[in-house]
Amino acid sequence: MTTRHMTDLDLTGFKVGKRVRVKLPHCQYTGREAGTYRGSIEYIKGDHVGIWVPVKGHGAADGFLTGSARIDHNGVWIEGR
């Protein structure tokens, strides 16, 4: 799988609030399955973005923030740097 780092991208299309997909690993604490989830860009800072991923089945304020700096060839952000 080919990935590109955020510093190699043209970021004009990435705005705060834009809906994106992010690939996440399994979480041993919450039991969340590994997979691709939908979220929205919360902030863009330096060499990474913060993506808010809501937790399905919970209130609107429930969710978590994850950071990402890499994107794959399908436009899916990959958690981590």
# chains A, B, ... in the order shown; residues from 1 in each chain; ligands from 1
>>> residues_around(residues="A:His26", least_positions_apart="4", cutoff="12 Å", atoms="only C-alpha atoms", output="MDAnalysis selection string")
chainID A and resid 30:37 79
>>> residues_around(residues="A:Ser40", least_positions_apart="2", cutoff="9 Å", atoms="only C-alpha atoms", output="VMD selection string")
chain A and resid 16 to 21 38 42 50 to 54
>>> write_last_selection(atoms="C-alpha atoms", output="PDB file, in the first residue's frame")
ATOM      1  CA  VAL A  16     -11.684  22.128   9.244  1.00  0.00           C
ATOM      2  CA  GLY A  17     -15.043  20.340   9.322  1.00  0.00           C
ATOM      3  CA  LYS A  18     -14.456  18.317   6.139  1.00  0.00           C
ATOM      4  CA  ARG A  19     -15.738  14.742   6.396  1.00  0.00           C
ATOM      5  CA  VAL A  20     -12.959  12.195   5.901  1.00  0.00           C
ATOM      6  CA  ARG A  21     -12.285   8.503   6.426  1.00  0.00           C
ATOM      7  CA  ARG A  38     -15.830   8.311   9.218  1.00  0.00           C
ATOM      8  CA  GLU A  42     -11.033  19.091  13.806  1.00  0.00           C
ATOM      9  CA  GLY A  50      -6.756  16.018  14.168  1.00  0.00           C
ATOM     10  CA  ILE A  51      -9.790  13.947  13.208  1.00  0.00           C
ATOM     11  CA  TRP A  52     -12.893  13.706  15.426  1.00  0.00           C
ATOM     12  CA  VAL A  53     -14.507  10.268  15.172  1.00  0.00           C
ATOM     13  CA  PRO A  54     -17.974  10.019  16.768  1.00  0.00           C
TER      14      PRO A  54
END
>>> atom_distance(atom1="atom CA of A:Thr2", atom2="atom CA of A:Lys23")
14.0 Å
>>> residues_around(residues="A:Ile44", least_positions_apart="3", cutoff="10 Å", atoms="only C-alpha atoms", output="MDAnalysis selection string")
chainID A and resid 11 14:16 41 47:51 67:69
>>> write_last_selection(atoms="N, CA and C atoms", output="PDB file, in the first residue's frame")
ATOM      1  N   LEU A  11      -2.738  21.000   0.477  1.00  0.00           N
ATOM      2  CA  LEU A  11      -3.776  21.003   1.518  1.00  0.00           C
ATOM      3  C   LEU A  11      -4.916  21.992   1.270  1.00  0.00           C
ATOM      4  N   PHE A  14      -8.363  20.546   2.052  1.00  0.00           N
ATOM      5  CA  PHE A  14      -8.599  20.040   3.398  1.00  0.00           C
ATOM      6  C   PHE A  14      -8.895  21.201   4.335  1.00  0.00           C
ATOM      7  N   LYS A  15     -10.149  21.324   4.724  1.00  0.00           N
ATOM      8  CA  LYS A  15     -10.596  22.397   5.615  1.00  0.00           C
ATOM      9  C   LYS A  15     -11.125  21.792   6.908  1.00  0.00           C
ATOM     10  N   VAL A  16     -11.101  22.557   7.980  1.00  0.00           N
ATOM     11  CA  VAL A  16     -11.684  22.128   9.244  1.00  0.00           C
ATOM     12  C   VAL A  16     -13.164  21.864   9.016  1.00  0.00           C
ATOM     13  N   ILE A  41     -12.406  16.603  10.095  1.00  0.00           N
ATOM     14  CA  ILE A  41     -11.160  17.264  10.480  1.00  0.00           C
ATOM     15  C   ILE A  41     -11.470  18.311  11.541  1.00  0.00           C
ATOM     16  N   ASP A  47       2.440  19.407  10.798  1.00  0.00           N
ATOM     17  CA  ASP A  47       2.580  18.210   9.965  1.00  0.00           C
ATOM     18  C   ASP A  47       1.538  17.134  10.259  1.00  0.00           C
ATOM     19  N   HIS A  48       0.418  17.497  10.901  1.00  0.00           N
ATOM     20  CA  HIS A  48      -0.625  16.493  11.143  1.00  0.00           C
ATOM     21  C   HIS A  48      -2.005  17.153  11.230  1.00  0.00           C
ATOM     22  N   VAL A  49      -3.026  16.324  11.131  1.00  0.00           N
ATOM     23  CA  VAL A  49      -4.406  16.779  11.292  1.00  0.00           C
ATOM     24  C   VAL A  49      -5.023  16.033  12.470  1.00  0.00           C
ATOM     25  N   GLY A  50      -5.978  16.656  13.123  1.00  0.00           N
ATOM     26  CA  GLY A  50      -6.756  16.018  14.168  1.00  0.00           C
ATOM     27  C   GLY A  50      -8.119  15.660  13.606  1.00  0.00           C
ATOM     28  N   ILE A  51      -8.519  14.414  13.761  1.00  0.00           N
ATOM     29  CA  ILE A  51      -9.790  13.947  13.208  1.00  0.00           C
ATOM     30  C   ILE A  51     -10.692  13.491  14.351  1.00  0.00           C
ATOM     31  N   GLY A  67      -5.010  11.581  15.739  1.00  0.00           N
ATOM     32  CA  GLY A  67      -4.125  12.345  14.880  1.00  0.00           C
ATOM     33  C   GLY A  67      -3.651  11.514  13.700  1.00  0.00           C
ATOM     34  N   SER A  68      -3.409  12.182  12.593  1.00  0.00           N
ATOM     35  CA  SER A  68      -2.942  11.497  11.398  1.00  0.00           C
ATOM     36  C   SER A  68      -2.054  12.423  10.582  1.00  0.00           C
ATOM     37  N   ALA A  69      -1.059  11.840   9.930  1.00  0.00           N
ATOM     38  CA  ALA A  69      -0.186  12.625   9.060  1.00  0.00           C
ATOM     39  C   ALA A  69       0.020  11.940   7.717  1.00  0.00           C
TER      40      ALA A  69
END
